[in-house]
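The structure file target-v1.pdb is reproduced below (PDB, C-alpha atoms).
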ATOM      1  CA  ALA A 161       1.361   6.959   6.382
ATOM      2  CA  GLN A 162       2.767   7.701   3.002
ATOM      3  CA  LYS A 163       1.237   6.051  -0.036
ATOM      4  CA  ILE A 164       1.853   6.025  -3.782
ATOM      5  CA  THR A 165      -0.857   5.099  -6.274
ATOM      6  CA  GLN A 166      -0.259   4.048  -9.847
ATOM      7  CA  THR A 167      -3.479   2.661 -11.271
ATOM      8  CA  GLN A 168      -3.081   2.822 -15.039
ATOM      9  CA  PRO A 169      -3.220  -0.488 -16.836
ATOM     10  CA  GLY A 170      -0.491  -1.260 -19.324
ATOM     11  CA  MET A 171       0.166   1.792 -21.474
ATOM     12  CA  PHE A 172       0.883   1.828 -25.190
ATOM     13  CA  VAL A 173       2.351   4.689 -27.181
ATOM     14  CA  GLN A 174       3.436   5.116 -30.761
ATOM     15  CA  GLU A 175       7.105   5.765 -31.333
ATOM     16  CA  LYS A 176       7.945   9.496 -31.384
ATOM     17  CA  GLU A 177       4.759  10.471 -29.568
ATOM     18  CA  ALA A 178       4.522  11.764 -26.001
ATOM     19  CA  VAL A 179       3.043   9.760 -23.140
ATOM     20  CA  THR A 180       1.985  10.620 -19.582
ATOM     21  CA  LEU A 181       2.300   8.125 -16.738
ATOM     22  CA  ASP A 182       0.130   8.931 -13.743
ATOM     23  CA  CYS A 183       1.130   8.977 -10.101
ATOM     24  CA  THR A 184      -0.768  10.249  -7.080
ATOM     25  CA  TYR A 185       0.556  10.313  -3.566
ATOM     26  CA  ASP A 186      -0.601  10.834  -0.046
ATOM     27  CA  THR A 187       1.443  12.220   2.812
ATOM     28  CA  SER A 188       0.991  14.453   5.815
ATOM     29  CA  ASP A 189       4.636  15.490   5.696
ATOM     30  CA  PRO A 190       5.059  19.068   4.378
ATOM     31  CA  SER A 191       8.491  18.267   2.981
ATOM     32  CA  TYR A 192       8.921  15.342   0.623
ATOM     33  CA  GLY A 193      10.588  14.222  -2.574
ATOM     34  CA  LEU A 194       9.087  12.438  -5.540
ATOM     35  CA  PHE A 195      11.022  10.106  -7.819
ATOM     36  CA  TRP A 196      10.502   8.180 -11.019
ATOM     37  CA  TYR A 197      12.481   5.068 -11.858
ATOM     38  CA  LYS A 198      12.558   2.941 -14.994
ATOM     39  CA  GLN A 199      12.933  -0.819 -14.821
ATOM     40  CA  PRO A 200      13.614  -2.447 -18.196
ATOM     41  CA  SER A 201      13.254  -6.164 -18.759
ATOM     42  CA  SER A 202      16.874  -6.624 -17.686
ATOM     43  CA  GLY A 203      15.736  -5.716 -14.174
ATOM     44  CA  GLU A 204      17.892  -2.828 -13.027
ATOM     45  CA  MET A 205      16.344   0.282 -11.475
ATOM     46  CA  ILE A 206      17.285   3.416 -13.398
ATOM     47  CA  PHE A 207      16.764   6.818 -11.778
ATOM     48  CA  LEU A 208      14.962   9.210 -14.133
ATOM     49  CA  ILE A 209      13.872  12.359 -12.353
ATOM     50  CA  TYR A 210      13.368  13.962  -8.937
ATOM     51  CA  GLN A 211      10.983  16.665  -7.712
ATOM     52  CA  GLY A 212      11.152  18.271  -4.295
ATOM     53  CA  SER A 213       7.912  19.414  -2.712
ATOM     54  CA  TYR A 214       9.195  22.959  -2.360
ATOM     55  CA  ASP A 215      10.661  23.212  -5.835
ATOM     56  CA  GLN A 216       9.068  26.111  -7.672
ATOM     57  CA  GLN A 217       9.426  24.660 -11.124
ATOM     58  CA  ASN A 218       8.590  21.264 -12.533
ATOM     59  CA  ALA A 219      11.630  19.048 -12.908
ATOM     60  CA  THR A 220      12.947  18.207 -16.367
ATOM     61  CA  GLU A 221      15.676  15.797 -17.463
ATOM     62  CA  GLY A 222      16.092  15.518 -21.215
ATOM     63  CA  ARG A 223      12.962  13.875 -22.616
ATOM     64  CA  TYR A 224      11.528  13.392 -19.124
ATOM     65  CA  SER A 225       9.507  15.992 -17.288
ATOM     66  CA  LEU A 226       7.479  15.792 -14.131
ATOM     67  CA  ASN A 227       4.053  17.431 -14.087
ATOM     68  CA  PHE A 228       3.876  18.277 -10.393
ATOM     69  CA  GLN A 229       0.478  19.421  -9.122
ATOM     70  CA  LYS A 230       0.878  19.822  -5.393
ATOM     71  CA  ALA A 231      -2.737  20.667  -4.589
ATOM     72  CA  ARG A 232      -3.892  17.533  -6.391
ATOM     73  CA  LYS A 233      -1.036  15.490  -4.961
ATOM     74  CA  SER A 234      -0.066  14.236  -8.362
ATOM     75  CA  ALA A 235       3.365  13.804  -9.924
ATOM     76  CA  ASN A 236       2.867  12.541 -13.448
ATOM     77  CA  LEU A 237       5.822  11.619 -15.642
ATOM     78  CA  VAL A 238       5.782  12.908 -19.196
ATOM     79  CA  ILE A 239       8.025  11.229 -21.750
ATOM     80  CA  SER A 240       8.347  13.161 -24.968
ATOM     81  CA  ALA A 241       9.316  11.694 -28.346
ATOM     82  CA  SER A 242       9.004   8.087 -27.194
ATOM     83  CA  GLN A 243      11.649   5.619 -28.296
ATOM     84  CA  LEU A 244      11.514   1.839 -28.538
ATOM     85  CA  GLY A 245      14.000   1.676 -25.673
ATOM     86  CA  ASP A 246      11.478   3.386 -23.405
ATOM     87  CA  SER A 247       9.499   0.134 -23.190
ATOM     88  CA  ALA A 248       9.781  -0.818 -19.515
ATOM     89  CA  MET A 249       8.113  -0.710 -16.107
ATOM     90  CA  TYR A 250       7.982   2.732 -14.533
ATOM     91  CA  PHE A 251       7.802   3.266 -10.802
ATOM     92  CA  CYS A 252       6.832   6.386  -8.903
ATOM     93  CA  ALA A 253       8.279   6.712  -5.400
ATOM     94  CA  MET A 254       8.213   9.171  -2.517
ATOM     95  CA  ARG A 255      10.458  10.014   0.394
ATOM     96  CA  GLU A 256       9.293  12.049   3.376
ATOM     97  CA  ILE A 257      12.077  14.521   4.113
ATOM     98  CA  THR A 258      10.952  16.140   7.362
ATOM     99  CA  THR A 259      11.863  12.934   9.156
ATOM    100  CA  GLY A 260      15.258  13.056   7.489
ATOM    101  CA  ALA A 261      16.618  13.615   3.979
ATOM    102  CA  ASN A 262      17.677   9.995   3.891
ATOM    103  CA  SER A 263      14.476   8.296   4.997
ATOM    104  CA  LYS A 264      13.104   5.308   3.092
ATOM    105  CA  LEU A 265      11.428   5.386  -0.326
ATOM    106  CA  THR A 266       7.861   4.172  -0.754
ATOM    107  CA  PHE A 267       7.073   2.808  -4.213
ATOM    108  CA  GLY A 268       3.941   2.461  -6.275
ATOM    109  CA  LYS A 269       3.115  -0.809  -8.022
ATOM    110  CA  GLY A 270       4.409   0.443 -11.347
ATOM    111  CA  ILE A 271       3.111   0.970 -14.864
ATOM    112  CA  THR A 272       4.118  -1.041 -17.917
ATOM    113  CA  LEU A 273       4.841   1.092 -20.979
ATOM    114  CA  SER A 274       5.113  -0.431 -24.441
ATOM    115  CA  VAL A 275       6.321   1.677 -27.342
ATOM    116  CA  ARG A 276       5.035   0.603 -30.750
ATOM    117  CA  PRO A 277       7.175   1.114 -33.856
TER
ATOM    118  CA  ASN B 260      32.881   6.679  -9.997
ATOM    119  CA  ALA B 261      31.381   3.208  -9.933
ATOM    120  CA  GLY B 262      27.695   2.872  -9.193
ATOM    121  CA  VAL B 263      26.123   0.789  -6.483
ATOM    122  CA  MET B 264      27.563  -2.707  -6.794
ATOM    123  CA  GLN B 265      25.597  -5.765  -5.796
ATOM    124  CA  ASN B 266      26.722  -9.342  -5.915
ATOM    125  CA  PRO B 267      25.965 -11.921  -6.797
ATOM    126  CA  ARG B 268      23.542 -10.983  -9.587
ATOM    127  CA  HIS B 269      21.851 -14.361  -9.364
ATOM    128  CA  LEU B 270      21.776 -16.711  -6.408
ATOM    129  CA  VAL B 271      20.182 -20.126  -6.161
ATOM    130  CA  ARG B 272      19.704 -21.725  -2.770
ATOM    131  CA  ARG B 273      17.966 -24.863  -1.576
ATOM    132  CA  ARG B 274      15.332 -24.576   1.110
ATOM    133  CA  GLY B 275      16.969 -24.328   4.520
ATOM    134  CA  GLN B 276      20.258 -22.875   3.284
ATOM    135  CA  GLU B 277      21.576 -19.407   4.007
ATOM    136  CA  ALA B 278      21.695 -16.579   1.466
ATOM    137  CA  ARG B 279      24.172 -13.714   1.725
ATOM    138  CA  LEU B 280      23.672 -10.692  -0.483
ATOM    139  CA  ARG B 281      26.325  -7.983  -0.719
ATOM    140  CA  CYS B 282      26.089  -4.313  -1.549
ATOM    141  CA  SER B 283      28.873  -1.772  -1.985
ATOM    142  CA  PRO B 284      27.472   1.777  -2.042
ATOM    143  CA  MET B 285      28.654   4.527  -4.314
ATOM    144  CA  LYS B 286      31.770   6.357  -3.202
ATOM    145  CA  GLY B 287      30.898   9.012  -0.661
ATOM    146  CA  HIS B 288      27.520   7.468   0.162
ATOM    147  CA  SER B 289      27.092   6.540   3.795
ATOM    148  CA  HIS B 290      23.434   5.491   3.680
ATOM    149  CA  VAL B 291      22.370   2.069   2.414
ATOM    150  CA  TYR B 292      18.892   0.686   1.894
ATOM    151  CA  TRP B 293      17.616  -2.755   1.057
ATOM    152  CA  TYR B 294      14.391  -3.350  -0.864
ATOM    153  CA  ARG B 295      12.655  -6.514  -1.985
ATOM    154  CA  GLN B 296      10.683  -6.893  -5.195
ATOM    155  CA  LEU B 297       8.335  -9.811  -5.634
ATOM    156  CA  PRO B 298       7.295 -10.745  -9.201
ATOM    157  CA  GLU B 299       4.948  -8.196 -10.825
ATOM    158  CA  GLU B 300       5.151  -5.877  -7.809
ATOM    159  CA  GLY B 301       6.882  -2.687  -6.759
ATOM    160  CA  LEU B 302       9.792  -2.476  -4.377
ATOM    161  CA  LYS B 303       9.134  -2.860  -0.662
ATOM    162  CA  PHE B 304      11.437  -1.253   1.866
ATOM    163  CA  MET B 305      13.249  -3.609   4.213
ATOM    164  CA  VAL B 306      16.001  -1.817   6.105
ATOM    165  CA  TYR B 307      18.042   1.401   6.189
ATOM    166  CA  LEU B 308      21.575   1.420   7.539
ATOM    167  CA  GLN B 309      24.427   3.803   8.084
ATOM    168  CA  LYS B 310      27.921   2.654   8.902
ATOM    169  CA  GLU B 311      27.670   0.247  11.841
ATOM    170  CA  ASN B 312      24.102   1.330  12.636
ATOM    171  CA  ILE B 313      20.630   0.177  11.717
ATOM    172  CA  ILE B 314      18.477   3.284  11.372
ATOM    173  CA  ASP B 315      15.134   1.817  10.292
ATOM    174  CA  GLU B 316      14.311  -1.874  10.082
ATOM    175  CA  SER B 317      10.553  -1.512   9.987
ATOM    176  CA  GLY B 318      10.294  -3.528   6.773
ATOM    177  CA  MET B 319      12.423  -6.475   7.862
ATOM    178  CA  PRO B 320      10.720  -9.772   8.659
ATOM    179  CA  LYS B 321      11.175 -10.567  12.342
ATOM    180  CA  GLU B 322      12.631 -13.997  11.751
ATOM    181  CA  ARG B 323      15.555 -15.209   9.629
ATOM    182  CA  PHE B 324      16.493 -11.833   8.101
ATOM    183  CA  SER B 325      19.346  -9.613   9.257
ATOM    184  CA  ALA B 326      21.416  -6.808   7.798
ATOM    185  CA  GLU B 327      24.672  -5.105   8.621
ATOM    186  CA  PHE B 328      26.844  -2.341   7.254
ATOM    187  CA  PRO B 329      30.247  -2.645   8.916
ATOM    188  CA  LYS B 330      32.815   0.092   9.212
ATOM    189  CA  GLU B 331      34.870  -1.602   6.515
ATOM    190  CA  GLY B 332      33.409  -3.540   3.625
ATOM    191  CA  PRO B 333      30.043  -3.922   1.972
ATOM    192  CA  SER B 334      26.600  -4.082   3.474
ATOM    193  CA  ILE B 335      25.309  -7.620   3.873
ATOM    194  CA  LEU B 336      21.712  -8.829   3.814
ATOM    195  CA  ARG B 337      21.543 -12.283   5.320
ATOM    196  CA  ILE B 338      18.631 -14.670   5.031
ATOM    197  CA  GLN B 339      18.827 -17.808   7.130
ATOM    198  CA  GLN B 340      16.947 -21.031   6.419
ATOM    199  CA  VAL B 341      15.524 -19.746   3.158
ATOM    200  CA  VAL B 342      12.038 -20.753   2.037
ATOM    201  CA  ARG B 343      10.448 -20.603  -1.416
ATOM    202  CA  GLY B 344       8.629 -17.390  -0.489
ATOM    203  CA  ASP B 345      12.000 -15.639  -0.157
ATOM    204  CA  SER B 346      12.484 -15.922  -3.923
ATOM    205  CA  ALA B 347      12.578 -12.334  -5.148
ATOM    206  CA  ALA B 348      14.820  -9.599  -6.461
ATOM    207  CA  TYR B 349      16.685  -7.801  -3.686
ATOM    208  CA  PHE B 350      17.836  -4.290  -4.447
ATOM    209  CA  CYS B 351      20.316  -2.155  -2.611
ATOM    210  CA  ALA B 352      20.331   1.634  -2.902
ATOM    211  CA  SER B 353      22.668   4.262  -1.532
ATOM    212  CA  SER B 354      22.423   7.971  -0.819
ATOM    213  CA  PRO B 355      24.932  10.638   0.172
ATOM    214  CA  PRO B 356      24.382  12.392   3.501
ATOM    215  CA  MET B 357      21.578  14.961   3.564
ATOM    216  CA  ASP B 358      20.670  14.323  -0.060
ATOM    217  CA  PRO B 359      17.318  12.738  -0.875
ATOM    218  CA  GLU B 360      18.437  11.159  -4.157
ATOM    219  CA  ALA B 361      18.870   7.391  -4.131
ATOM    220  CA  PHE B 362      20.759   5.261  -6.624
ATOM    221  CA  PHE B 363      20.129   1.563  -7.037
ATOM    222  CA  GLY B 364      22.309  -1.411  -7.737
ATOM    223  CA  GLN B 365      21.373  -3.960 -10.367
ATOM    224  CA  GLY B 366      19.805  -6.260  -7.830
ATOM    225  CA  THR B 367      20.343  -9.840  -6.727
ATOM    226  CA  ARG B 368      17.800 -12.338  -7.939
ATOM    227  CA  LEU B 369      17.373 -15.028  -5.328
ATOM    228  CA  THR B 370      15.755 -18.282  -6.323
ATOM    229  CA  VAL B 371      14.952 -20.852  -3.647
ATOM    230  CA  VAL B 372      14.495 -24.371  -4.969
TER
END

Re-express the file's structure as structure tokens.
Amino acid sequence: AQKITQTQPGMFVQEKEAVTLDCTYDTSDPSYGLFWYKQPSSGEMIFLIYQGSYDQQNATEGRYSLNFQKARKSANLVISASQLGDSAMYFCAMREITTGANSKLTFGKGITLSVRP
Amino acid sequence: NAGVMQNPRHLVRRRGQEARLRCSPMKGHSHVYWYRQLPEEGLKFMVYLQKENIIDESGMPKERFSAEFPKEGPSILRIQQVVRGDSAAYFCASSPPMDPEAFFGQGTRLTVV
């Protein structure tokens, strides 16, 4: 069974600094996708970044990058140059693709990030 | 290209009433998913549908909950005889065929009083 683990307590970062949010996963499926979503206090789920298990390079999207370490089964999100608007809950999620590209997402419990001015 | 549209954004129901939550996927997306988020928790998968078919309902409670995605119109998540424990945020997501990316609507926050 697939599983996502996010165990960090609430994270704090100074504005303009970088921060790493941890995510480990467990799956027996050789083909899978890893996602990060941001959920601000307003409640919507905002897609940030995606990494496929067979992608050769780590994914990057603007200030977001995914530190993908396949052997360790970790997919940490790195946010560079933090902004006050980055304060939110962050969820890591996984989809097993061998069973179908459109199979369900499994989410971690999330990490709260607070950016200090 | 509008995103995933969910309505209503907020829904209040008395215990025993029915709740109907609607989701219109993004244009070109034929796969719809429903997730539930309890306070201070992550999203839990409920059901995955394609047009007129339920593909995976392994996360749906056996009683009172049902979902459909008709050939025409939005996907509907229906909760009959709501109880206080049904109070949660319900999110819909959609994906295009053969593409693992998933995009979420803004959610419907159901409060049972």

Exercise for review: Tell me which residues the PyMOL selection byres ((chain B) within 6 of (chain A)) grabs here, as a PyMOL selection string.
Suggested key: chain B and resi 300-302+357-359+363+365

Saved selection, atoms kept: C-alpha atoms, as a PDB file, keeping the file's coordinate frame:
ATOM      1  CA  GLU B 300       5.151  -5.877  -7.809  1.00  0.00           C
ATOM      2  CA  GLY B 301       6.882  -2.687  -6.759  1.00  0.00           C
ATOM      3  CA  LEU B 302       9.792  -2.476  -4.377  1.00  0.00           C
ATOM      4  CA  MET B 357      21.578  14.961   3.564  1.00  0.00           C
ATOM      5  CA  ASP B 358      20.670  14.323  -0.060  1.00  0.00           C
ATOM      6  CA  PRO B 359      17.318  12.738  -0.875  1.00  0.00           C
ATOM      7  CA  PHE B 363      20.129   1.563  -7.037  1.00  0.00           C
ATOM      8  CA  GLN B 365      21.373  -3.960 -10.367  1.00  0.00           C
TER       9      GLN B 365
END

Review point. Just so the selection is clear, what residues does the PyMOL selection byres ((chain A and resi 187) around 9) cover here, as a VMD selection string?
Key: chain A and resid 161 to 163 185 to 186 188 to 190 192 233 256

Next, write the just-selected residues to a file, as a compact mmCIF listing (two decimals), keeping the file's coordinate frame, keeping C-alpha atoms as the atom set.
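The new file again13.txt reads:
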# COMPACT_ATOMS: atom_id res chain seq x y z
CA ALA A 161 1.36 6.96 6.38
CA GLN A 162 2.77 7.70 3.00
CA LYS A 163 1.24 6.05 -0.04
CA TYR A 185 0.56 10.31 -3.57
CA ASP A 186 -0.60 10.83 -0.05
CA SER A 188 0.99 14.45 5.82
CA ASP A 189 4.64 15.49 5.70
CA PRO A 190 5.06 19.07 4.38
CA TYR A 192 8.92 15.34 0.62
CA LYS A 233 -1.04 15.49 -4.96
CA GLU A 256 9.29 12.05 3.38

Exercise for review: May I have the protein, DNA and RNA residues with an atom at most 8 Å from (9.3, -5.4, -4.4), counting only C-alpha atoms in the file's coordinates, returned as a ChimeraX atom specification?
Suggested key: /B:294-298,300-304,347-349

Review point. What does the PyMOL selection byres ((chain B and resi 283) around 6) select in this file, as a PyMOL selection string?
Key: chain B and resi 263-264+282+284+333

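With only C-alpha atoms taken into account, the protein and nucleic acid residues at most 10 Å from A:Ala241 (excluding it and anything under 3 positions from it in its own chain) are Val173, Gln174, Glu175, Lys176, Glu177, Ala178, Val179, Arg223, Tyr224, Val238 and Asp246 of chain A.
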
Selected residues, C-alpha atoms, written as a short mmCIF file (atom, residue, chain, number, x, y, z; two decimals), keeping the file's coordinate frame, please.
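Final output, saved to part39.cif:
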data_model
loop_
_atom_site.label_atom_id
_atom_site.label_comp_id
_atom_site.auth_asym_id
_atom_site.auth_seq_id
_atom_site.Cartn_x
_atom_site.Cartn_y
_atom_site.Cartn_z
CA VAL A 173 2.35 4.69 -27.18
CA GLN A 174 3.44 5.12 -30.76
CA GLU A 175 7.10 5.76 -31.33
CA LYS A 176 7.94 9.50 -31.38
CA GLU A 177 4.76 10.47 -29.57
CA ALA A 178 4.52 11.76 -26.00
CA VAL A 179 3.04 9.76 -23.14
CA ARG A 223 12.96 13.88 -22.62
CA TYR A 224 11.53 13.39 -19.12
CA VAL A 238 5.78 12.91 -19.20
CA ASP A 246 11.48 3.39 -23.40
#

Practice item. Can you pull out every residue within 9 Å of B:Ser317, counting only C-alpha atoms, but drop anything in the same chain fewer than 6 positions away, and send it as an MDAnalysis selection string? Key: chainID B and resid 304:307

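A straight line drawn from atom CA of A:Leu226 to atom CA of A:Gln166 is 14.7 Å long.
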
Taking 3 positions as the minimum chain separation for residues in the same chain, which residues sit within 8 Å of B:Ser289 when counting only C-alpha atoms? Answer as a CSV table (one decimal) with C-alpha atoms, in the coordinates of the input.
chain,number,residue,atom,x,y,z
B,284,PRO,CA,27.5,1.8,-2.0
B,309,GLN,CA,24.4,3.8,8.1
B,310,LYS,CA,27.9,2.7,8.9
B,353,SER,CA,22.7,4.3,-1.5
B,354,SER,CA,22.4,8.0,-0.8
B,355,PRO,CA,24.9,10.6,0.2
B,356,PRO,CA,24.4,12.4,3.5

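Neighbours of B:Val372 closer than or equal to 10 Å, with all atoms listed in the file counted and sequence neighbours fewer than 6 positions away skipped, come out as B:Val271, B:Arg272, B:Arg273, B:Arg274, B:Gly275, B:Val341, B:Val342, B:Arg343, B:Ser346.
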
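The two atoms in question, atom CA of A:Ala219 and atom CA of B:Gly366, are spaced 27.1 Å apart.
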
Review point. Which of these residues is nearest to B:Phe350, using all atoms listed in the file: B:Ser325, B:Asn312, B:Gln276, B:Thr367?
Key: B:Thr367

Practice item. Kindly provide, as a PyMOL selection string, the polymer residues lying within 7 Å of (17.1, -15.9, 4.0), counting all atoms listed in the file and using the coordinates exactly as they appear in the file. Key: chain B and resi 277-278+323-324+337-341+345

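Here atom CA of B:Ile335 stands at a distance of 26.7 Å from atom CA of A:Leu208.
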
Show me, as lines of an AutoDock Vina configuration file, the centre and edge lengths in Å to one decimal of the axis-aligned box that covers every listed atom of stretch 334-347 of chain B with 8 Å on each side.
center_x = 17.6
center_y = -12.6
center_z = 1.0
size_x = 34.0
size_y = 32.9
size_z = 28.3
